[in-house]
$ cat model26.cif   # mmCIF, C-alpha atoms (C1' of nucleotides)
data_final
loop_
_atom_site.label_atom_id
_atom_site.label_comp_id
_atom_site.auth_asym_id
_atom_site.auth_seq_id
_atom_site.Cartn_x
_atom_site.Cartn_y
_atom_site.Cartn_z
CA MET A 1 -65.98 -130.22 2.16
CA ALA A 2 -68.31 -127.25 2.05
CA LYS A 3 -67.45 -125.67 -1.25
CA THR A 4 -66.28 -122.10 -0.92
CA ASN A 5 -67.99 -119.23 -2.63
CA PRO A 6 -66.06 -117.41 -5.30
CA PRO A 7 -64.30 -114.22 -4.16
CA PHE A 8 -66.85 -111.45 -3.86
CA MET A 9 -65.46 -109.38 -6.67
CA SER A 10 -64.61 -111.94 -9.29
CA GLY A 11 -66.42 -112.35 -12.54
CA VAL A 12 -65.43 -109.01 -14.00
CA PRO A 13 -63.41 -110.47 -16.88
CA GLU A 14 -66.41 -112.63 -17.68
CA LEU A 15 -68.71 -109.63 -17.50
CA LEU A 16 -66.56 -107.56 -19.83
CA LEU A 17 -66.27 -110.35 -22.39
CA LEU A 18 -69.98 -111.02 -22.45
CA ARG A 19 -70.73 -107.33 -22.72
CA LEU A 20 -68.42 -106.89 -25.71
CA LEU A 21 -69.76 -109.97 -27.44
CA GLU A 22 -73.28 -108.72 -26.97
CA SER A 23 -72.77 -106.09 -29.64
CA ARG A 24 -70.99 -108.25 -32.21
CA GLU A 25 -69.02 -111.46 -32.56
CA MET A 26 -65.30 -111.14 -31.92
CA TYR A 27 -62.24 -113.34 -31.65
CA GLY A 28 -59.92 -113.79 -28.68
CA TYR A 29 -56.95 -111.75 -29.76
CA GLU A 30 -59.31 -108.94 -30.72
CA LEU A 31 -61.01 -109.05 -27.34
CA VAL A 32 -57.70 -108.66 -25.54
CA ARG A 33 -57.08 -105.33 -27.22
CA SER A 34 -60.70 -104.32 -27.11
CA ILE A 35 -60.90 -104.56 -23.34
CA ARG A 36 -57.99 -102.21 -22.98
CA GLU A 37 -59.57 -99.72 -25.32
CA VAL A 38 -63.11 -99.82 -24.06
CA THR A 39 -62.09 -99.39 -20.44
CA GLY A 40 -59.93 -96.42 -21.28
CA GLU A 41 -56.74 -98.35 -20.48
CA ALA A 42 -58.00 -98.87 -16.93
CA ILE A 43 -58.15 -102.62 -17.27
CA SER A 44 -55.73 -104.75 -19.22
CA LEU A 45 -56.28 -108.47 -19.30
CA GLY A 46 -53.71 -110.70 -20.97
CA GLU A 47 -54.29 -113.65 -23.24
CA GLY A 48 -53.64 -115.96 -20.33
CA VAL A 49 -56.80 -114.63 -18.74
CA ILE A 50 -59.00 -114.22 -21.80
CA TYR A 51 -58.59 -117.56 -23.53
CA PRO A 52 -59.37 -119.73 -20.51
CA VAL A 53 -62.45 -117.64 -19.70
CA LEU A 54 -63.68 -117.92 -23.28
CA HIS A 55 -63.25 -121.68 -23.20
CA SER A 56 -65.05 -121.98 -19.90
CA LEU A 57 -67.92 -119.80 -21.13
CA GLU A 58 -68.21 -121.96 -24.19
CA ARG A 59 -68.21 -125.17 -22.16
CA SER A 60 -70.90 -123.80 -19.87
CA GLY A 61 -73.05 -122.87 -22.85
CA SER A 62 -72.93 -119.09 -22.65
CA LEU A 63 -70.91 -118.71 -25.84
CA LYS A 64 -70.78 -120.45 -29.14
CA ALA A 65 -67.63 -120.56 -31.26
CA ARG A 66 -67.20 -120.40 -35.00
CA ARG A 67 -63.82 -121.07 -36.62
CA LYS A 68 -63.11 -118.85 -39.55
CA PRO A 69 -59.96 -119.04 -41.70
CA VAL A 70 -58.56 -115.61 -42.50
CA GLY A 71 -55.51 -115.47 -44.71
CA GLY A 72 -53.47 -118.42 -43.54
CA ARG A 73 -54.54 -118.18 -39.90
CA THR A 74 -57.66 -119.29 -38.17
CA ARG A 75 -59.72 -117.02 -36.02
CA VAL A 76 -62.23 -118.30 -33.50
CA TYR A 77 -65.20 -116.01 -33.36
CA TYR A 78 -67.43 -116.08 -30.31
CA SER A 79 -71.00 -114.94 -29.92
CA LEU A 80 -73.63 -115.06 -27.17
CA THR A 81 -76.14 -117.84 -26.84
CA LYS A 82 -79.52 -117.23 -25.27
CA GLN A 83 -78.09 -118.56 -22.04
CA GLY A 84 -75.21 -116.14 -22.44
CA HIS A 85 -77.60 -113.20 -22.45
CA GLY A 86 -79.04 -114.42 -19.18
CA ARG A 87 -75.62 -114.86 -17.69
CA LEU A 88 -74.69 -111.33 -18.75
CA ALA A 89 -77.79 -109.92 -17.08
CA ASP A 90 -76.97 -111.76 -13.86
CA LEU A 91 -73.38 -110.60 -13.77
CA GLN A 92 -74.41 -107.07 -14.55
CA GLU A 93 -76.79 -107.09 -11.61
CA ASP A 94 -74.15 -108.56 -9.30
CA TRP A 95 -71.74 -105.86 -10.35
CA ARG A 96 -74.29 -103.10 -9.87
CA ARG A 97 -74.99 -104.39 -6.42
CA ILE A 98 -71.44 -104.43 -5.14
CA GLN A 99 -70.53 -101.24 -6.98
CA THR A 100 -73.39 -99.45 -5.28
CA GLY A 101 -72.42 -100.95 -1.94
CA ILE A 102 -68.88 -99.65 -2.19
CA GLU A 103 -70.05 -96.29 -3.43
CA THR A 104 -72.35 -96.00 -0.44
CA ALA A 105 -69.52 -96.85 1.90
CA LEU A 106 -67.18 -94.31 0.35
CA GLU A 107 -69.72 -91.52 0.38
CA SER A 108 -71.12 -92.28 3.81
CA PRO A 109 -70.88 -89.52 6.43
CA GLY A 110 -67.64 -88.65 8.05
CA HIS A 111 -65.57 -87.16 5.27
CA ALA A 112 -63.93 -84.58 7.50
CA MET B 1 -38.47 -114.46 -10.08
CA ALA B 2 -40.39 -111.55 -11.55
CA LYS B 3 -42.90 -110.87 -8.83
CA THR B 4 -46.41 -110.74 -10.12
CA ASN B 5 -48.63 -107.71 -9.80
CA PRO B 6 -51.61 -108.00 -7.53
CA PRO B 7 -54.87 -108.95 -9.25
CA PHE B 8 -56.41 -105.91 -10.90
CA MET B 9 -59.41 -105.72 -8.62
CA SER B 10 -57.99 -106.48 -5.22
CA GLY B 11 -57.62 -104.05 -2.37
CA VAL B 12 -61.31 -103.44 -1.77
CA PRO B 13 -61.35 -104.87 1.75
CA GLU B 14 -58.39 -102.62 2.51
CA LEU B 15 -60.17 -99.64 1.01
CA LEU B 16 -63.34 -100.21 3.03
CA LEU B 17 -61.43 -100.61 6.27
CA LEU B 18 -59.41 -97.47 5.77
CA ARG B 19 -62.50 -95.52 4.79
CA LEU B 20 -64.37 -96.58 7.92
CA LEU B 21 -61.43 -95.83 10.15
CA GLU B 22 -61.10 -92.41 8.63
CA SER B 23 -64.20 -91.23 10.47
CA ARG B 24 -63.43 -92.76 13.86
CA GLU B 25 -61.36 -95.44 15.52
CA MET B 26 -62.95 -98.87 15.59
CA TYR B 27 -62.09 -102.42 16.63
CA GLY B 28 -62.00 -105.52 14.46
CA TYR B 29 -65.17 -107.21 15.50
CA GLU B 30 -66.99 -103.92 15.08
CA LEU B 31 -65.58 -103.44 11.60
CA VAL B 32 -66.85 -106.82 10.49
CA ARG B 33 -70.44 -105.84 11.21
CA SER B 34 -69.92 -102.29 10.06
CA ILE B 35 -68.88 -103.30 6.58
CA ARG B 36 -72.05 -105.30 6.13
CA GLU B 37 -74.15 -102.38 7.27
CA VAL B 38 -72.46 -99.59 5.40
CA THR B 39 -72.52 -101.46 2.10
CA GLY B 40 -76.20 -102.21 2.47
CA GLU B 41 -75.50 -105.93 2.93
CA ALA B 42 -73.87 -106.04 -0.51
CA ILE B 43 -70.49 -106.98 0.90
CA SER B 44 -69.90 -109.26 3.84
CA LEU B 45 -66.34 -109.92 4.89
CA GLY B 46 -65.67 -112.43 7.66
CA GLU B 47 -63.22 -112.15 10.51
CA GLY B 48 -60.82 -114.37 8.63
CA VAL B 49 -60.50 -111.62 6.06
CA ILE B 50 -60.63 -108.57 8.30
CA TYR B 51 -58.10 -109.46 10.98
CA PRO B 52 -55.26 -110.39 8.66
CA VAL B 53 -55.80 -107.19 6.67
CA LEU B 54 -55.78 -105.10 9.84
CA HIS B 55 -52.52 -106.70 10.93
CA SER B 56 -50.94 -106.17 7.58
CA LEU B 57 -52.02 -102.53 7.51
CA GLU B 58 -50.55 -102.05 10.95
CA ARG B 59 -47.28 -103.68 9.98
CA SER B 60 -47.02 -101.51 6.90
CA GLY B 61 -47.60 -98.38 8.97
CA SER B 62 -51.03 -97.34 7.70
CA LEU B 63 -52.78 -98.08 10.97
CA LYS B 64 -51.88 -97.76 14.62
CA ALA B 65 -53.42 -99.98 17.26
CA ARG B 66 -54.48 -99.20 20.80
CA ARG B 67 -55.48 -101.98 23.21
CA LYS B 68 -58.34 -101.02 25.44
CA PRO B 69 -59.83 -103.25 28.13
CA VAL B 70 -63.62 -103.16 28.17
CA GLY B 71 -65.41 -105.19 30.80
CA GLY B 72 -63.31 -108.34 31.00
CA ARG B 73 -62.34 -108.40 27.32
CA THR B 74 -59.78 -106.48 25.41
CA ARG B 75 -60.60 -104.55 22.30
CA VAL B 76 -58.00 -103.47 19.79
CA TYR B 77 -58.88 -100.09 18.38
CA TYR B 78 -57.37 -99.03 15.09
CA SER B 79 -56.93 -95.57 13.66
CA LEU B 80 -55.28 -94.07 10.60
CA THR B 81 -51.75 -92.79 10.58
CA LYS B 82 -50.66 -90.04 8.25
CA GLN B 83 -49.39 -92.70 5.91
CA GLY B 84 -52.77 -94.40 6.18
CA HIS B 85 -54.48 -91.31 4.85
CA GLY B 86 -52.19 -91.39 1.85
CA ARG B 87 -52.84 -95.05 1.30
CA LEU B 88 -56.57 -94.44 1.44
CA ALA B 89 -56.33 -91.69 -1.16
CA ASP B 90 -54.35 -93.98 -3.46
CA LEU B 91 -56.77 -96.87 -3.14
CA GLN B 92 -59.70 -94.57 -3.65
CA GLU B 93 -58.18 -93.31 -6.87
CA ASP B 94 -57.43 -96.83 -8.05
CA TRP B 95 -60.99 -97.85 -7.37
CA ARG B 96 -62.40 -94.81 -9.14
CA ARG B 97 -60.28 -95.63 -12.13
CA ILE B 98 -61.35 -99.19 -12.60
CA GLN B 99 -64.93 -98.46 -11.62
CA THR B 100 -65.10 -95.82 -14.32
CA GLY B 101 -63.45 -98.16 -16.79
CA ILE B 102 -66.03 -100.85 -16.23
CA GLU B 103 -68.85 -98.36 -16.32
CA THR B 104 -67.61 -97.08 -19.65
CA ALA B 105 -67.47 -100.59 -21.02
CA LEU B 106 -70.96 -101.44 -19.85
CA GLU B 107 -72.47 -98.26 -21.22
CA SER B 108 -70.55 -98.26 -24.47
CA PRO B 109 -72.56 -98.40 -27.69
CA GLY B 110 -74.37 -101.54 -28.67
CA HIS B 111 -77.03 -101.85 -26.03
CA ALA B 112 -79.72 -103.08 -28.39
"C1'" DC C 1 -33.69 -113.04 -49.03
"C1'" DG C 2 -33.52 -112.88 -44.12
"C1'" DA C 3 -34.85 -111.08 -39.68
"C1'" DA C 4 -37.86 -108.98 -36.83
"C1'" DT C 5 -42.46 -107.89 -35.61
"C1'" DA C 6 -47.40 -108.59 -35.57
"C1'" DT C 7 -51.12 -111.67 -35.65
"C1'" DA C 8 -53.51 -115.59 -33.56
"C1'" DC C 9 -54.10 -119.46 -30.95
"C1'" DC C 10 -53.07 -122.01 -26.58
"C1'" DT C 11 -51.36 -123.96 -21.69
"C1'" DT C 12 -48.72 -124.33 -17.54
"C1'" DG C 13 -47.03 -122.86 -13.08
"C1'" DA C 14 -46.59 -119.49 -9.71
"C1'" DA C 15 -48.63 -115.81 -6.96
"C1'" DC C 16 -52.11 -113.64 -4.62
"C1'" DT C 17 -56.53 -112.85 -2.45
"C1'" DA C 18 -60.37 -114.20 -0.11
"C1'" DA C 19 -63.45 -117.99 1.99
"C1'" DT C 20 -64.08 -121.55 5.33
"C1'" DA C 21 -63.19 -123.41 9.26
"C1'" DG C 22 -61.37 -123.73 13.23
"C1'" DG C 23 -59.43 -122.28 18.03
"C1'" DT C 24 -59.27 -119.47 22.57
"C1'" DA C 25 -61.60 -116.87 26.15
"C1'" DT C 26 -64.93 -113.82 28.66
"C1'" DA C 27 -69.71 -111.88 29.31
"C1'" DA C 28 -74.54 -112.04 29.14
"C1'" DC C 29 -78.73 -114.26 29.11
"C1'" DA C 30 -82.15 -117.73 29.60
"C1'" DT D 1 -75.89 -124.29 33.74
"C1'" DG D 2 -75.62 -124.09 29.10
"C1'" DT D 3 -76.10 -121.56 25.03
"C1'" DT D 4 -75.42 -117.34 22.55
"C1'" DA D 5 -72.85 -113.09 21.81
"C1'" DT D 6 -68.64 -110.69 22.11
"C1'" DA D 7 -63.78 -110.41 20.84
"C1'" DC D 8 -59.55 -111.86 19.38
"C1'" DC D 9 -56.70 -114.86 16.25
"C1'" DT D 10 -54.59 -118.43 12.65
"C1'" DA D 11 -54.20 -122.12 9.26
"C1'" DT D 12 -55.90 -124.51 5.34
"C1'" DT D 13 -58.16 -124.54 1.12
"C1'" DA D 14 -60.06 -122.71 -2.95
"C1'" DG D 15 -60.46 -119.69 -6.62
"C1'" DT D 16 -58.79 -116.23 -9.69
"C1'" DT D 17 -55.42 -113.80 -11.97
"C1'" DC D 18 -50.52 -113.09 -13.59
"C1'" DA D 19 -46.35 -114.03 -16.02
"C1'" DA D 20 -44.21 -116.61 -19.08
"C1'" DG D 21 -43.79 -119.46 -22.36
"C1'" DG D 22 -44.86 -122.38 -26.73
"C1'" DT D 23 -46.61 -123.02 -31.75
"C1'" DA D 24 -47.39 -121.18 -36.27
"C1'" DT D 25 -48.37 -118.00 -40.20
"C1'" DA D 26 -48.24 -113.21 -42.27
"C1'" DT D 27 -46.21 -108.93 -42.90
"C1'" DT D 28 -42.83 -105.49 -43.02
"C1'" DC D 29 -38.28 -103.70 -43.61
"C1'" DG D 30 -33.45 -103.55 -44.39
#
$ encode --input "model26.cif" --output "structure tokens"
Amino acid sequence: MAKTNPPFMSGVPELLLLRLLESREMYGYELVRSIREVTGEAISLGEGVIYPVLHSLERSGSLKARRKPVGGRTRVYYSLTKQGHGRLADLQEDWRRIQTGIETALESPGHA
Amino acid sequence: MAKTNPPFMSGVPELLLLRLLESREMYGYELVRSIREVTGEAISLGEGVIYPVLHSLERSGSLKARRKPVGGRTRVYYSLTKQGHGRLADLQEDWRRIQTGIETALESPGHA
DNA sequence: CGAATATACCTTGAACTAATAGGTATAACA
DNA sequence: TGTTATACCTATTAGTTCAAGGTATATTCG
């Protein structure tokens, strides 16, 4: 019954997407490649991760979508809503917190 | 059939345990509290997470266990094997890599 | 022209990790 | 004596991510 908390280190895909969309609007396929690039190949998230997260962020009101025909295809451009900016700030703080926690643990005394 | 890769940000509980056990041998119940402390309360992993990971690390040869009766109870002390030191180094490098990747993404141009 | 590759969207099902909740037993404390 | 703290453990559930596919148009190349 008691609903479980999300895993303590989730929300990174969400964070990365929101961060990228903060600078400019982008479409899904573009974001997939962009995440690889901007993380220096350290993180590679497939379309199967990106699209569902985008949809969920749109449903929850953090993103708004704009369909734009290009050539014969249709791109769906996403951009941050006001709520999305808030969500980004929250996630960024969460990340900072756990990142610092781990860093502290790794650097703590005892490195023989 | 193709076995899936582990999620890109897993292995942090493992990393923290190995790091703590690098300095001195500790027992499970102690590790649970220790992780909270050493991460400045940022990360809190319950016994249901810690014990299974300890067992799996022992089975895979990264940890060795030593049962030690204290008072009327029995504590199981864990310490790193040679292989465990290698595993720790690997995980530490993995972490550094993704941590840097995310940092790069967050700091990348466009912070209005 | 035809075939292969790249773009661009999407969903489903399996796999994996972590969270919650329980379950046993002794010691200490009130 | 009963409640809290120590100390171990496991099973179930939940949540996230991964792999793999499925549709369709555009481009490139032989």
$ closest_atom_pairs --input "model26.cif" --of "chain C" --to "chain A" --cutoff "9 Å" --atoms "all atoms listed in the file" --output "CSV"
residue,atom,partner,partner_atom,distance
C:DT7,C1',A:Tyr29,CA,8.3
C:DA8,C1',A:Tyr29,CA,6.4
C:DC9,C1',A:Arg75,CA,8.0
C:DC10,C1',A:Tyr51,CA,7.7
C:DT11,C1',A:Gly48,CA,8.4
C:DT17,C1',A:Pro7,CA,8.1
C:DA18,C1',A:Pro7,CA,5.6
C:DA19,C1',A:Thr4,CA,5.8
C:DT20,C1',A:Thr4,CA,6.6
$ resolve_selection --input "model26.cif" --expression "the PyMOL selection byres ((chain B and resi 80) around 10)" --output "mmCIF file with C-alpha atoms, in the frame of the given file"
data_model
loop_
_atom_site.group_PDB
_atom_site.id
_atom_site.type_symbol
_atom_site.label_atom_id
_atom_site.label_comp_id
_atom_site.auth_asym_id
_atom_site.auth_seq_id
_atom_site.Cartn_x
_atom_site.Cartn_y
_atom_site.Cartn_z
ATOM 1 C CA LEU B 17 -61.430 -100.610 6.270
ATOM 2 C CA LEU B 18 -59.410 -97.470 5.770
ATOM 3 C CA ARG B 19 -62.500 -95.520 4.790
ATOM 4 C CA LEU B 20 -64.370 -96.580 7.920
ATOM 5 C CA LEU B 21 -61.430 -95.830 10.150
ATOM 6 C CA GLU B 22 -61.100 -92.410 8.630
ATOM 7 C CA SER B 23 -64.200 -91.230 10.470
ATOM 8 C CA ARG B 24 -63.430 -92.760 13.860
ATOM 9 C CA GLU B 25 -61.360 -95.440 15.520
ATOM 10 C CA LEU B 57 -52.020 -102.530 7.510
ATOM 11 C CA GLU B 58 -50.550 -102.050 10.950
ATOM 12 C CA GLY B 61 -47.600 -98.380 8.970
ATOM 13 C CA SER B 62 -51.030 -97.340 7.700
ATOM 14 C CA LEU B 63 -52.780 -98.080 10.970
ATOM 15 C CA LYS B 64 -51.880 -97.760 14.620
ATOM 16 C CA ALA B 65 -53.420 -99.980 17.260
ATOM 17 C CA TYR B 78 -57.370 -99.030 15.090
ATOM 18 C CA SER B 79 -56.930 -95.570 13.660
ATOM 19 C CA THR B 81 -51.750 -92.790 10.580
ATOM 20 C CA LYS B 82 -50.660 -90.040 8.250
ATOM 21 C CA GLN B 83 -49.390 -92.700 5.910
ATOM 22 C CA GLY B 84 -52.770 -94.400 6.180
ATOM 23 C CA HIS B 85 -54.480 -91.310 4.850
ATOM 24 C CA GLY B 86 -52.190 -91.390 1.850
ATOM 25 C CA ARG B 87 -52.840 -95.050 1.300
ATOM 26 C CA LEU B 88 -56.570 -94.440 1.440
#
$ calpha_fit_and_write --input "model26.cif" --fixed "chain A" --moving "chain B" --output "PDB file with C-alpha atoms, keeping the file's coordinate frame"
ATOM      1  CA  MET B   1     -66.001-130.605   1.609  1.00  0.00           C
ATOM      2  CA  ALA B   2     -68.179-127.514   1.730  1.00  0.00           C
ATOM      3  CA  LYS B   3     -67.265-125.838  -1.513  1.00  0.00           C
ATOM      4  CA  THR B   4     -66.293-122.255  -1.049  1.00  0.00           C
ATOM      5  CA  ASN B   5     -68.096-119.382  -2.695  1.00  0.00           C
ATOM      6  CA  PRO B   6     -66.221-117.460  -5.322  1.00  0.00           C
ATOM      7  CA  PRO B   7     -64.461-114.320  -4.085  1.00  0.00           C
ATOM      8  CA  PHE B   8     -66.940-111.476  -3.759  1.00  0.00           C
ATOM      9  CA  MET B   9     -65.486-109.385  -6.543  1.00  0.00           C
ATOM     10  CA  SER B  10     -64.654-111.909  -9.206  1.00  0.00           C
ATOM     11  CA  GLY B  11     -66.398-112.307 -12.517  1.00  0.00           C
ATOM     12  CA  VAL B  12     -65.401-108.965 -13.996  1.00  0.00           C
ATOM     13  CA  PRO B  13     -63.378-110.423 -16.863  1.00  0.00           C
ATOM     14  CA  GLU B  14     -66.388-112.595 -17.652  1.00  0.00           C
ATOM     15  CA  LEU B  15     -68.689-109.599 -17.497  1.00  0.00           C
ATOM     16  CA  LEU B  16     -66.540-107.521 -19.845  1.00  0.00           C
ATOM     17  CA  LEU B  17     -66.253-110.324 -22.368  1.00  0.00           C
ATOM     18  CA  LEU B  18     -69.959-110.994 -22.435  1.00  0.00           C
ATOM     19  CA  ARG B  19     -70.722-107.300 -22.719  1.00  0.00           C
ATOM     20  CA  LEU B  20     -68.406-106.876 -25.698  1.00  0.00           C
ATOM     21  CA  LEU B  21     -69.757-109.942 -27.415  1.00  0.00           C
ATOM     22  CA  GLU B  22     -73.273-108.700 -26.951  1.00  0.00           C
ATOM     23  CA  SER B  23     -72.761-106.074 -29.639  1.00  0.00           C
ATOM     24  CA  ARG B  24     -70.987-108.255 -32.193  1.00  0.00           C
ATOM     25  CA  GLU B  25     -69.035-111.464 -32.530  1.00  0.00           C
ATOM     26  CA  MET B  26     -65.322-111.147 -31.890  1.00  0.00           C
ATOM     27  CA  TYR B  27     -62.247-113.361 -31.630  1.00  0.00           C
ATOM     28  CA  GLY B  28     -59.938-113.791 -28.662  1.00  0.00           C
ATOM     29  CA  TYR B  29     -56.981-111.782 -29.762  1.00  0.00           C
ATOM     30  CA  GLU B  30     -59.325-108.969 -30.714  1.00  0.00           C
ATOM     31  CA  LEU B  31     -61.014-109.060 -27.328  1.00  0.00           C
ATOM     32  CA  VAL B  32     -57.711-108.667 -25.537  1.00  0.00           C
ATOM     33  CA  ARG B  33     -57.060-105.333 -27.219  1.00  0.00           C
ATOM     34  CA  SER B  34     -60.690-104.330 -27.100  1.00  0.00           C
ATOM     35  CA  ILE B  35     -60.895-104.563 -23.343  1.00  0.00           C
ATOM     36  CA  ARG B  36     -57.966-102.214 -22.960  1.00  0.00           C
ATOM     37  CA  GLU B  37     -59.549 -99.726 -25.314  1.00  0.00           C
ATOM     38  CA  VAL B  38     -63.094 -99.807 -24.064  1.00  0.00           C
ATOM     39  CA  THR B  39     -62.065 -99.377 -20.438  1.00  0.00           C
ATOM     40  CA  GLY B  40     -59.895 -96.411 -21.295  1.00  0.00           C
ATOM     41  CA  GLU B  41     -56.724 -98.364 -20.475  1.00  0.00           C
ATOM     42  CA  ALA B  42     -57.959 -98.853 -16.905  1.00  0.00           C
ATOM     43  CA  ILE B  43     -58.128-102.613 -17.266  1.00  0.00           C
ATOM     44  CA  SER B  44     -55.702-104.739 -19.212  1.00  0.00           C
ATOM     45  CA  LEU B  45     -56.266-108.466 -19.284  1.00  0.00           C
ATOM     46  CA  GLY B  46     -53.699-110.686 -20.987  1.00  0.00           C
ATOM     47  CA  GLU B  47     -54.312-113.644 -23.241  1.00  0.00           C
ATOM     48  CA  GLY B  48     -53.626-115.960 -20.345  1.00  0.00           C
ATOM     49  CA  VAL B  49     -56.750-114.613 -18.703  1.00  0.00           C
ATOM     50  CA  ILE B  50     -58.985-114.183 -21.729  1.00  0.00           C
ATOM     51  CA  TYR B  51     -58.611-117.536 -23.459  1.00  0.00           C
ATOM     52  CA  PRO B  52     -59.345-119.707 -20.449  1.00  0.00           C
ATOM     53  CA  VAL B  53     -62.423-117.613 -19.654  1.00  0.00           C
ATOM     54  CA  LEU B  54     -63.662-117.898 -23.233  1.00  0.00           C
ATOM     55  CA  HIS B  55     -63.256-121.666 -23.121  1.00  0.00           C
ATOM     56  CA  SER B  56     -65.029-121.933 -19.837  1.00  0.00           C
ATOM     57  CA  LEU B  57     -67.901-119.778 -21.073  1.00  0.00           C
ATOM     58  CA  GLU B  58     -68.195-121.963 -24.134  1.00  0.00           C
ATOM     59  CA  ARG B  59     -68.189-125.142 -22.089  1.00  0.00           C
ATOM     60  CA  SER B  60     -70.873-123.776 -19.810  1.00  0.00           C
ATOM     61  CA  GLY B  61     -73.040-122.865 -22.791  1.00  0.00           C
ATOM     62  CA  SER B  62     -72.913-119.069 -22.601  1.00  0.00           C
ATOM     63  CA  LEU B  63     -70.902-118.693 -25.782  1.00  0.00           C
ATOM     64  CA  LYS B  64     -70.789-120.477 -29.104  1.00  0.00           C
ATOM     65  CA  ALA B  65     -67.657-120.577 -31.214  1.00  0.00           C
ATOM     66  CA  ARG B  66     -67.224-120.417 -34.962  1.00  0.00           C
ATOM     67  CA  ARG B  67     -63.844-121.113 -36.582  1.00  0.00           C
ATOM     68  CA  LYS B  68     -63.147-118.888 -39.521  1.00  0.00           C
ATOM     69  CA  PRO B  69     -60.015-119.051 -41.664  1.00  0.00           C
ATOM     70  CA  VAL B  70     -58.626-115.620 -42.485  1.00  0.00           C
ATOM     71  CA  GLY B  71     -55.571-115.431 -44.692  1.00  0.00           C
ATOM     72  CA  GLY B  72     -53.506-118.386 -43.520  1.00  0.00           C
ATOM     73  CA  ARG B  73     -54.580-118.194 -39.873  1.00  0.00           C
ATOM     74  CA  THR B  74     -57.686-119.325 -38.152  1.00  0.00           C
ATOM     75  CA  ARG B  75     -59.744-117.054 -35.989  1.00  0.00           C
ATOM     76  CA  VAL B  76     -62.232-118.311 -33.449  1.00  0.00           C
ATOM     77  CA  TYR B  77     -65.222-116.024 -33.317  1.00  0.00           C
ATOM     78  CA  TYR B  78     -67.433-116.076 -30.261  1.00  0.00           C
ATOM     79  CA  SER B  79     -71.008-114.947 -29.870  1.00  0.00           C
ATOM     80  CA  LEU B  80     -73.621-115.053 -27.132  1.00  0.00           C
ATOM     81  CA  THR B  81     -76.138-117.818 -26.790  1.00  0.00           C
ATOM     82  CA  LYS B  82     -79.510-117.235 -25.218  1.00  0.00           C
ATOM     83  CA  GLN B  83     -78.086-118.538 -21.987  1.00  0.00           C
ATOM     84  CA  GLY B  84     -75.198-116.116 -22.407  1.00  0.00           C
ATOM     85  CA  HIS B  85     -77.590-113.198 -22.429  1.00  0.00           C
ATOM     86  CA  GLY B  86     -79.017-114.402 -19.147  1.00  0.00           C
ATOM     87  CA  ARG B  87     -75.586-114.822 -17.672  1.00  0.00           C
ATOM     88  CA  LEU B  88     -74.667-111.309 -18.730  1.00  0.00           C
ATOM     89  CA  ALA B  89     -77.767-109.881 -17.075  1.00  0.00           C
ATOM     90  CA  ASP B  90     -76.942-111.718 -13.850  1.00  0.00           C
ATOM     91  CA  LEU B  91     -73.343-110.554 -13.770  1.00  0.00           C
ATOM     92  CA  GLN B  92     -74.386-107.031 -14.566  1.00  0.00           C
ATOM     93  CA  GLU B  93     -76.766-107.049 -11.632  1.00  0.00           C
ATOM     94  CA  ASP B  94     -74.130-108.500  -9.331  1.00  0.00           C
ATOM     95  CA  TRP B  95     -71.700-105.819 -10.373  1.00  0.00           C
ATOM     96  CA  ARG B  96     -74.254-103.057  -9.909  1.00  0.00           C
ATOM     97  CA  ARG B  97     -74.947-104.347  -6.450  1.00  0.00           C
ATOM     98  CA  ILE B  98     -71.428-104.381  -5.164  1.00  0.00           C
ATOM     99  CA  GLN B  99     -70.503-101.212  -7.011  1.00  0.00           C
ATOM    100  CA  THR B 100     -73.365 -99.421  -5.313  1.00  0.00           C
ATOM    101  CA  GLY B 101     -72.403-100.926  -1.980  1.00  0.00           C
ATOM    102  CA  ILE B 102     -68.873 -99.626  -2.215  1.00  0.00           C
ATOM    103  CA  GLU B 103     -70.044 -96.264  -3.437  1.00  0.00           C
ATOM    104  CA  THR B 104     -72.356 -95.991  -0.463  1.00  0.00           C
ATOM    105  CA  ALA B 105     -69.533 -96.834   1.890  1.00  0.00           C
ATOM    106  CA  LEU B 106     -67.182 -94.306   0.355  1.00  0.00           C
ATOM    107  CA  GLU B 107     -69.741 -91.528   0.383  1.00  0.00           C
ATOM    108  CA  SER B 108     -71.148 -92.299   3.800  1.00  0.00           C
ATOM    109  CA  PRO B 109     -70.906 -89.584   6.446  1.00  0.00           C
ATOM    110  CA  GLY B 110     -67.584 -88.667   7.936  1.00  0.00           C
ATOM    111  CA  HIS B 111     -65.738 -87.148   5.033  1.00  0.00           C
ATOM    112  CA  ALA B 112     -64.078 -84.422   7.065  1.00  0.00           C
TER     113      ALA B 112
END
$ atom_distance --input "model26.cif" --atom1 "atom CA of Ile35 of chain A" --atom2 "atom C1' of DT17 of chain D"
15.6 Å
$ resolve_selection --input "model26.cif" --expression "the PyMOL selection byres ((chain D) within 7 of (chain A))" --output "ChimeraX atom specification"
/D:14-15,17,25
$ residues_near_point --input "model26.cif" --point "(-79.9, -104.0, 1.0)" --cutoff "12 Å" --atoms "all atoms listed in the file" --output "PyMOL selection string"
(chain A and resi 97-98+100-101+104) or (chain B and resi 36-44)
$ closest_residue --input "model26.cif" --among "B:Ile50, B:Met26, B:Val12, B:Ala105" --to "chain A" --atoms "only C-alpha atoms"
B:Ala105
$ atom_distance --input "model26.cif" --atom1 "atom CA of Gln92 of chain B" --atom2 "atom CA of Leu31 of chain A"
27.8 Å
$ resolve_selection --input "model26.cif" --expression "the PyMOL selection byres ((chain D and resi 21) around 10)" --output "list in words"
DT11 and DT12 of chain C; DA19, DA20 and DG22 of chain D
$ write_last_selection --input "model26.cif" --atoms "C-alpha atoms (C1' of nucleotides)" --output "PDB file, in the coordinates of the input"
ATOM      1  C1'  DT C  11     -51.360-123.960 -21.690  1.00  0.00           C
ATOM      2  C1'  DT C  12     -48.720-124.330 -17.540  1.00  0.00           C
TER       3       DT C  12
ATOM      4  C1'  DA D  19     -46.350-114.030 -16.020  1.00  0.00           C
ATOM      5  C1'  DA D  20     -44.210-116.610 -19.080  1.00  0.00           C
ATOM      6  C1'  DG D  22     -44.860-122.380 -26.730  1.00  0.00           C
TER       7       DG D  22
END
